[in-house]
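Shown below: my_file_37.csv, with CSV, C-alpha atoms.
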```csv
chain,number,residue,atom,x,y,z
A,1289,MET,CA,15.7,101.7,33.7
A,1290,THR,CA,17.6,104.0,36.1
A,1291,GLN,CA,18.6,103.0,39.6
A,1292,LYS,CA,16.0,105.4,40.9
A,1293,GLU,CA,13.2,103.8,38.8
A,1294,GLU,CA,14.2,100.3,40.0
A,1295,ILE,CA,13.5,101.1,43.6
A,1296,ALA,CA,9.7,100.5,43.4
A,1297,LYS,CA,10.3,97.4,41.4
A,1298,ASN,CA,12.8,96.0,44.0
A,1299,ILE,CA,10.4,96.6,46.9
A,1300,GLU,CA,7.6,94.9,45.0
A,1301,SER,CA,9.7,91.9,44.2
A,1302,ILE,CA,10.9,91.4,47.8
A,1303,LYS,CA,7.3,91.4,49.0
A,1304,LYS,CA,6.0,89.2,46.3
A,1305,GLU,CA,8.8,86.6,46.6
A,1306,ASN,CA,8.2,86.3,50.4
A,1307,GLU,CA,4.5,86.7,50.5
A,1308,THR,CA,4.1,83.5,52.5
A,1309,PHE,CA,5.8,85.3,55.4
A,1310,ASN,CA,4.3,88.0,57.6
A,1311,PHE,CA,6.9,90.7,58.0
A,1312,THR,CA,7.6,94.4,58.1
A,1313,LEU,CA,10.1,95.6,55.5
A,1314,VAL,CA,12.4,98.4,56.7
A,1315,ALA,CA,14.0,100.1,53.8
A,1316,VAL,CA,17.5,101.1,54.9
A,1317,SER,CA,18.0,104.5,53.4
A,1318,LYS,CA,21.4,105.4,54.9
A,1319,THR,CA,23.6,107.4,52.5
A,1320,LYS,CA,20.8,107.6,50.0
A,1321,PRO,CA,19.4,111.0,48.8
A,1322,ASN,CA,15.9,112.2,49.6
A,1323,ASP,CA,14.7,111.7,46.1
A,1324,HIS,CA,15.5,108.0,46.3
A,1325,VAL,CA,13.7,107.8,49.6
A,1326,MET,CA,10.7,109.5,48.0
A,1327,GLU,CA,10.8,107.0,45.2
A,1328,ALA,CA,10.3,104.2,47.8
A,1329,TYR,CA,7.7,106.3,49.6
A,1330,ASN,CA,5.7,106.8,46.5
A,1331,ALA,CA,5.7,103.0,46.0
A,1332,GLY,CA,3.9,102.8,49.4
A,1333,GLN,CA,7.0,102.2,51.6
A,1334,ARG,CA,6.6,103.9,55.1
A,1335,ASP,CA,9.3,102.2,57.2
A,1336,PHE,CA,12.8,103.5,56.7
A,1337,GLY,CA,16.0,102.7,58.6
A,1338,GLU,CA,19.0,105.0,59.3
A,1339,ASN,CA,22.1,104.3,61.3
A,1340,LYS,CA,23.5,107.8,61.9
A,1341,VAL,CA,21.8,110.5,63.9
A,1342,GLN,CA,23.4,113.3,61.9
A,1343,GLU,CA,21.9,111.8,58.7
A,1344,LEU,CA,18.5,111.0,60.1
A,1345,LEU,CA,17.8,114.5,61.5
A,1346,PRO,CA,17.8,116.4,58.1
A,1347,LYS,CA,15.8,113.5,56.5
A,1348,PHE,CA,13.2,113.7,59.2
A,1349,GLU,CA,12.9,117.5,58.7
A,1350,ALA,CA,12.7,117.3,54.9
A,1351,LEU,CA,10.6,114.2,54.2
A,1352,PRO,CA,6.9,113.3,54.8
A,1353,LYS,CA,5.8,113.1,58.5
A,1354,ASP,CA,4.0,109.8,58.2
A,1355,ILE,CA,7.3,108.0,57.6
A,1356,HIS,CA,8.2,105.6,60.4
A,1357,TRP,CA,11.9,106.2,61.1
A,1358,HIS,CA,13.8,103.2,62.5
A,1359,PHE,CA,17.2,103.8,64.2
A,1360,ILE,CA,19.3,100.7,63.4
A,1361,GLY,CA,22.9,101.8,64.0
A,1362,HIS,CA,25.0,102.0,67.1
A,1363,LEU,CA,23.5,104.8,69.2
A,1364,GLN,CA,25.6,107.0,71.3
A,1365,ARG,CA,24.0,108.1,74.6
A,1366,ASN,CA,24.6,111.8,74.0
A,1367,LYS,CA,22.6,111.6,70.7
A,1368,VAL,CA,19.5,110.0,72.2
A,1369,LYS,CA,17.7,113.2,73.0
A,1370,LEU,CA,17.9,114.3,69.4
A,1371,ILE,CA,15.8,111.4,68.0
A,1372,ILE,CA,13.6,110.6,71.0
A,1373,PRO,CA,10.8,113.0,70.0
A,1374,PHE,CA,10.1,111.4,66.6
A,1375,VAL,CA,11.8,108.0,66.3
A,1376,HIS,CA,9.4,105.1,65.6
A,1377,LEU,CA,11.6,102.3,66.9
A,1378,ILE,CA,15.2,102.0,68.1
A,1379,HIS,CA,16.5,98.6,67.1
A,1380,SER,CA,20.0,98.9,68.6
A,1381,VAL,CA,19.7,99.0,72.4
A,1382,ASP,CA,22.9,97.2,73.2
A,1383,SER,CA,23.5,98.2,76.8
A,1384,LEU,CA,21.8,98.8,80.1
A,1385,ARG,CA,23.3,102.4,80.2
A,1386,LEU,CA,21.8,103.2,76.8
A,1387,LEU,CA,18.3,101.8,77.8
A,1388,ASN,CA,18.6,104.0,81.0
A,1389,GLU,CA,19.4,107.1,78.9
A,1390,ILE,CA,16.5,106.5,76.5
A,1391,ASN,CA,14.2,106.1,79.5
A,1392,LYS,CA,15.6,109.4,81.0
A,1393,GLN,CA,15.1,111.4,77.8
A,1394,ALA,CA,11.7,109.9,77.1
A,1395,LEU,CA,10.6,110.9,80.7
A,1396,LYS,CA,11.6,114.5,79.9
A,1397,GLU,CA,9.4,114.4,76.8
A,1398,ASN,CA,6.6,112.6,78.7
A,1399,ILE,CA,6.5,109.9,76.0
A,1400,LYS,CA,7.1,106.2,75.8
A,1401,VAL,CA,9.7,105.0,73.3
A,1402,ASP,CA,9.6,101.7,71.5
A,1403,CYS,CA,12.9,99.8,71.5
A,1404,LEU,CA,14.4,96.4,70.6
A,1405,LEU,CA,17.2,94.9,72.6
A,1406,GLN,CA,20.1,94.1,70.4
A,1407,MET,CA,21.7,90.7,71.0
A,1408,PHE,CA,25.3,89.8,70.0
A,1409,ILE,CA,24.9,86.6,67.9
A,1410,ALA,CA,27.8,86.9,65.4
A,1411,LYS,CA,31.3,85.5,65.3
A,1412,GLU,CA,32.6,89.0,64.5
A,1413,GLU,CA,33.9,91.1,67.3
A,1414,THR,CA,33.0,94.3,65.4
A,1415,LYS,CA,29.3,93.7,66.0
A,1416,TYR,CA,27.5,95.2,69.1
A,1417,GLY,CA,25.0,93.6,71.4
A,1418,LEU,CA,24.0,92.1,74.7
A,1419,ASP,CA,25.0,88.6,75.8
A,1420,GLU,CA,22.4,86.4,77.6
A,1421,ASP,CA,23.6,87.4,81.1
A,1422,GLU,CA,23.2,91.1,80.3
A,1423,LEU,CA,19.8,90.5,78.8
A,1424,LYS,CA,18.7,88.5,81.9
A,1425,ASP,CA,20.0,91.3,84.2
A,1426,ILE,CA,18.0,93.9,82.3
A,1427,LEU,CA,14.8,91.8,82.3
A,1428,ASP,CA,15.1,90.6,85.9
A,1429,ASN,CA,16.4,93.7,87.7
A,1430,HIS,CA,15.9,96.9,85.6
A,1431,LEU,CA,13.2,97.0,82.9
A,1432,GLU,CA,10.2,97.4,85.2
A,1433,ASN,CA,11.8,100.6,86.6
A,1434,PHE,CA,12.1,102.1,83.1
A,1435,LYS,CA,8.5,103.3,82.8
A,1436,ASN,CA,9.1,105.3,79.6
A,1437,VAL,CA,10.5,102.6,77.4
A,1438,ASN,CA,8.6,99.8,75.8
A,1439,VAL,CA,10.7,96.8,74.8
A,1440,LYS,CA,9.0,95.3,71.7
A,1441,GLY,CA,11.4,92.5,71.0
A,1442,LEU,CA,14.9,91.6,69.9
A,1443,MET,CA,17.3,92.5,67.1
A,1444,GLY,CA,20.4,90.7,65.9
A,1445,MET,CA,23.0,90.7,63.1
A,1446,ALA,CA,24.4,87.4,61.9
A,1447,THR,CA,28.0,86.9,60.8
A,1448,PHE,CA,28.8,88.4,57.4
A,1449,THR,CA,29.8,85.1,55.6
A,1450,GLU,CA,29.0,83.0,52.6
A,1451,ASP,CA,28.4,80.0,54.9
A,1452,HIS,CA,24.7,79.8,55.2
A,1453,SER,CA,24.9,77.2,58.0
A,1454,ILE,CA,26.6,79.7,60.3
A,1455,ILE,CA,23.9,82.4,59.6
A,1456,ASP,CA,21.2,79.8,60.0
A,1457,SER,CA,22.4,78.7,63.4
A,1458,GLU,CA,22.9,82.3,64.6
A,1459,PHE,CA,19.3,83.2,63.7
A,1460,LYS,CA,18.0,80.0,65.2
A,1461,TYR,CA,19.8,80.9,68.5
A,1462,LEU,CA,18.2,84.3,68.5
A,1463,LYS,CA,14.7,82.9,67.8
A,1464,GLY,CA,15.2,80.5,70.7
A,1465,ILE,CA,16.0,83.5,73.1
A,1466,PHE,CA,13.0,85.4,71.7
A,1467,ASP,CA,10.6,82.5,72.4
A,1468,ALA,CA,12.0,81.9,75.9
A,1469,ILE,CA,11.5,85.5,76.9
A,1470,LYS,CA,8.0,85.4,75.5
A,1471,LYS,CA,7.2,82.3,77.5
A,1472,ASN,CA,8.9,83.2,80.8
A,1473,TYR,CA,8.5,86.9,81.3
A,1474,SER,CA,5.5,89.1,82.0
A,1475,LEU,CA,6.3,92.7,82.5
A,1476,PRO,CA,4.1,95.8,81.8
A,1477,ASN,CA,6.6,97.4,79.4
A,1478,LEU,CA,7.8,94.2,77.6
A,1479,ASN,CA,5.8,93.1,74.5
A,1480,MET,CA,7.6,90.5,72.5
A,1481,ASP,CA,6.1,91.3,69.1
A,1482,ILE,CA,9.2,92.0,66.9
A,1483,LEU,CA,12.1,89.8,65.9
A,1484,SER,CA,14.3,92.1,63.7
A,1485,MET,CA,16.8,90.0,61.9
A,1486,GLY,CA,17.9,89.7,58.3
A,1487,MET,CA,19.5,92.2,55.8
A,1488,SER,CA,20.1,92.2,52.1
A,1489,HIS,CA,22.5,89.2,52.0
A,1490,ASP,CA,20.7,87.0,54.5
A,1491,TYR,CA,17.0,88.0,54.9
A,1492,ARG,CA,15.7,84.8,53.3
A,1493,ILE,CA,17.4,82.7,56.0
A,1494,ALA,CA,16.1,85.1,58.6
A,1495,LEU,CA,12.5,84.8,57.5
A,1496,LYS,CA,12.7,81.0,57.5
A,1497,ASN,CA,13.9,81.3,61.1
A,1498,GLY,CA,11.0,83.4,62.3
A,1499,SER,CA,12.1,87.0,61.7
A,1500,ASN,CA,9.1,89.3,61.2
A,1501,MET,CA,11.1,92.5,60.5
A,1502,ILE,CA,13.9,92.7,57.9
A,1503,ARG,CA,16.2,95.6,57.2
A,1504,ILE,CA,17.0,95.9,53.5
A,1505,GLY,CA,19.2,98.5,51.9
A,1506,SER,CA,21.2,97.6,48.8
A,1507,THR,CA,18.6,95.1,47.4
A,1508,ILE,CA,16.2,98.1,47.3
A,1509,PHE,CA,18.4,101.1,46.6
A,1510,GLY,CA,21.4,99.5,44.9
A,1511,ALA,CA,24.9,99.3,46.1
A,1512,ARG,CA,26.3,102.1,48.2
A,1513,ASN,CA,29.2,104.3,47.1
```

Encoding of this model in structure tokens:
Amino acid sequence: MTQKEEIAKNIESIKKENETFNFTLVAVSKTKPNDHVMEAYNAGQRDFGENKVQELLPKFEALPKDIHWHFIGHLQRNKVKLIIPFVHLIHSVDSLRLLNEINKQALKENIKVDCLLQMFIAKEETKYGLDEDELKDILDNHLENFKNVNVKGLMGMATFTEDHSIIDSEFKYLKGIFDAIKKNYSLPNLNMDILSMGMSHDYRIALKNGSNMIRIGSTIFGARN
């Protein structure tokens, strides 16, 4: 069986193995060619994740229009306007300035854009994200003024490590923040529906800790070059 033929099988086995959990599977198609994306699409997959605007744009143009495109990478403010008209969900809102820019561009398009606030939960300095004080500032002082964004929940990336106890504690921490916001905040453009955590190496731990959206690349499409 070729790598391409295995794609549908991989999607099916992730869903089957975790059928006791209720989650959305985002197939991370970054660096993968369109025919591999179509292989997943033909297997019923509709949610795909990209982390570079310059790679997402040609894929959006070329591929079926009922695909839900998730932007999962670090988003530069000057690229926001390029994806705003069609992006399904931006997972990686890691600063107040970025949220402000998304709101500004969405206002120009007269649309509402669904976003997740990305929290910094890892031990690695290379990861992006808000800390609890920055999150509190956005929720307490700014979000209500951003009428063209809809915050749907949180996203986080755990430390890349073989030590499952570290990953487990980081996901537990994020779930705790998620639950606290759900309980303590009521804002018109805040709907805490989505907790996006878990990738190919740690999605099982994420699901056990309450994730309802996982971002899977290599386990579906095979290793990247």

Give me the residues near His1358 of chain A as a JSON list (two decimals) with C-alpha atoms, keeping the file's coordinate frame, where near means some atom within 10 Å (using all atoms listed in the file) and where sequence neighbours in that chain fewer than 2 positions away do not count.
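Dumped everything to part-v6.json:
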```
[["chain", "number", "residue", "atom", "x", "y", "z"],
["A", 1314, "VAL", "CA", 12.40, 98.40, 56.70],
["A", 1315, "ALA", "CA", 14.00, 100.10, 53.80],
["A", 1316, "VAL", "CA", 17.50, 101.10, 54.90],
["A", 1335, "ASP", "CA", 9.30, 102.20, 57.20],
["A", 1336, "PHE", "CA", 12.80, 103.50, 56.70],
["A", 1337, "GLY", "CA", 16.00, 102.70, 58.60],
["A", 1338, "GLU", "CA", 19.00, 105.00, 59.30],
["A", 1339, "ASN", "CA", 22.10, 104.30, 61.30],
["A", 1344, "LEU", "CA", 18.50, 111.00, 60.10],
["A", 1355, "ILE", "CA", 7.30, 108.00, 57.60],
["A", 1356, "HIS", "CA", 8.20, 105.60, 60.40],
["A", 1360, "ILE", "CA", 19.30, 100.70, 63.40],
["A", 1361, "GLY", "CA", 22.90, 101.80, 64.00],
["A", 1374, "PHE", "CA", 10.10, 111.40, 66.60],
["A", 1375, "VAL", "CA", 11.80, 108.00, 66.30],
["A", 1376, "HIS", "CA", 9.40, 105.10, 65.60],
["A", 1377, "LEU", "CA", 11.60, 102.30, 66.90],
["A", 1378, "ILE", "CA", 15.20, 102.00, 68.10],
["A", 1379, "HIS", "CA", 16.50, 98.60, 67.10],
["A", 1380, "SER", "CA", 20.00, 98.90, 68.60],
["A", 1403, "CYS", "CA", 12.90, 99.80, 71.50],
["A", 1503, "ARG", "CA", 16.20, 95.60, 57.20]]
```

| Closest of A:Lys1411, A:Leu1386, A:Asn1477, A:Phe1448 to Leu1431 of chain A - atom-to-atom distances counting only C-alpha atoms |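 For Leu1431 of chain A, the nearest of the candidates is A:Asn1477.
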
| query | Which residue out of A:Ser1474, A:Asn1497, A:Ser1383, A:Asn1436 has the minimum interatomic distance to Ser1457 of chain A when only C-alpha atoms are used? | reply |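 Closest to Ser1457 of chain A, using only C-alpha atoms: A:Asn1497.
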
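Residue nearest Lys1396 of chain A, chosen from A:Lys1496, A:Lys1435, A:Lys1460, A:Lys1470 and counting all atoms listed in the file: A:Lys1435.
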
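For the set A:Asn1322, A:Ala1328, A:Lys1367, A:Gln1393, the residue with the smallest atom-to-atom gap to Leu1351 of chain A is A:Asn1322, counting all atoms listed in the file.
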
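In this structure, atom CA of Lys1297 of chain A sits 24.2 Å away from atom CA of Ala1350 of chain A.
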
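Minimum atom-to-atom distances from A:Lys1463, A:Lys1347, A:Lys1400, A:Lys1320 to Pro1373 of chain A were compared using only C-alpha atoms, and the lowest value belongs to A:Lys1400.
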
| Rounded to one decimal in Å, what is the spacing between atom CA of Asp1425 of chain A and atom CA of Gly1464 of chain A? | 17.9 Å
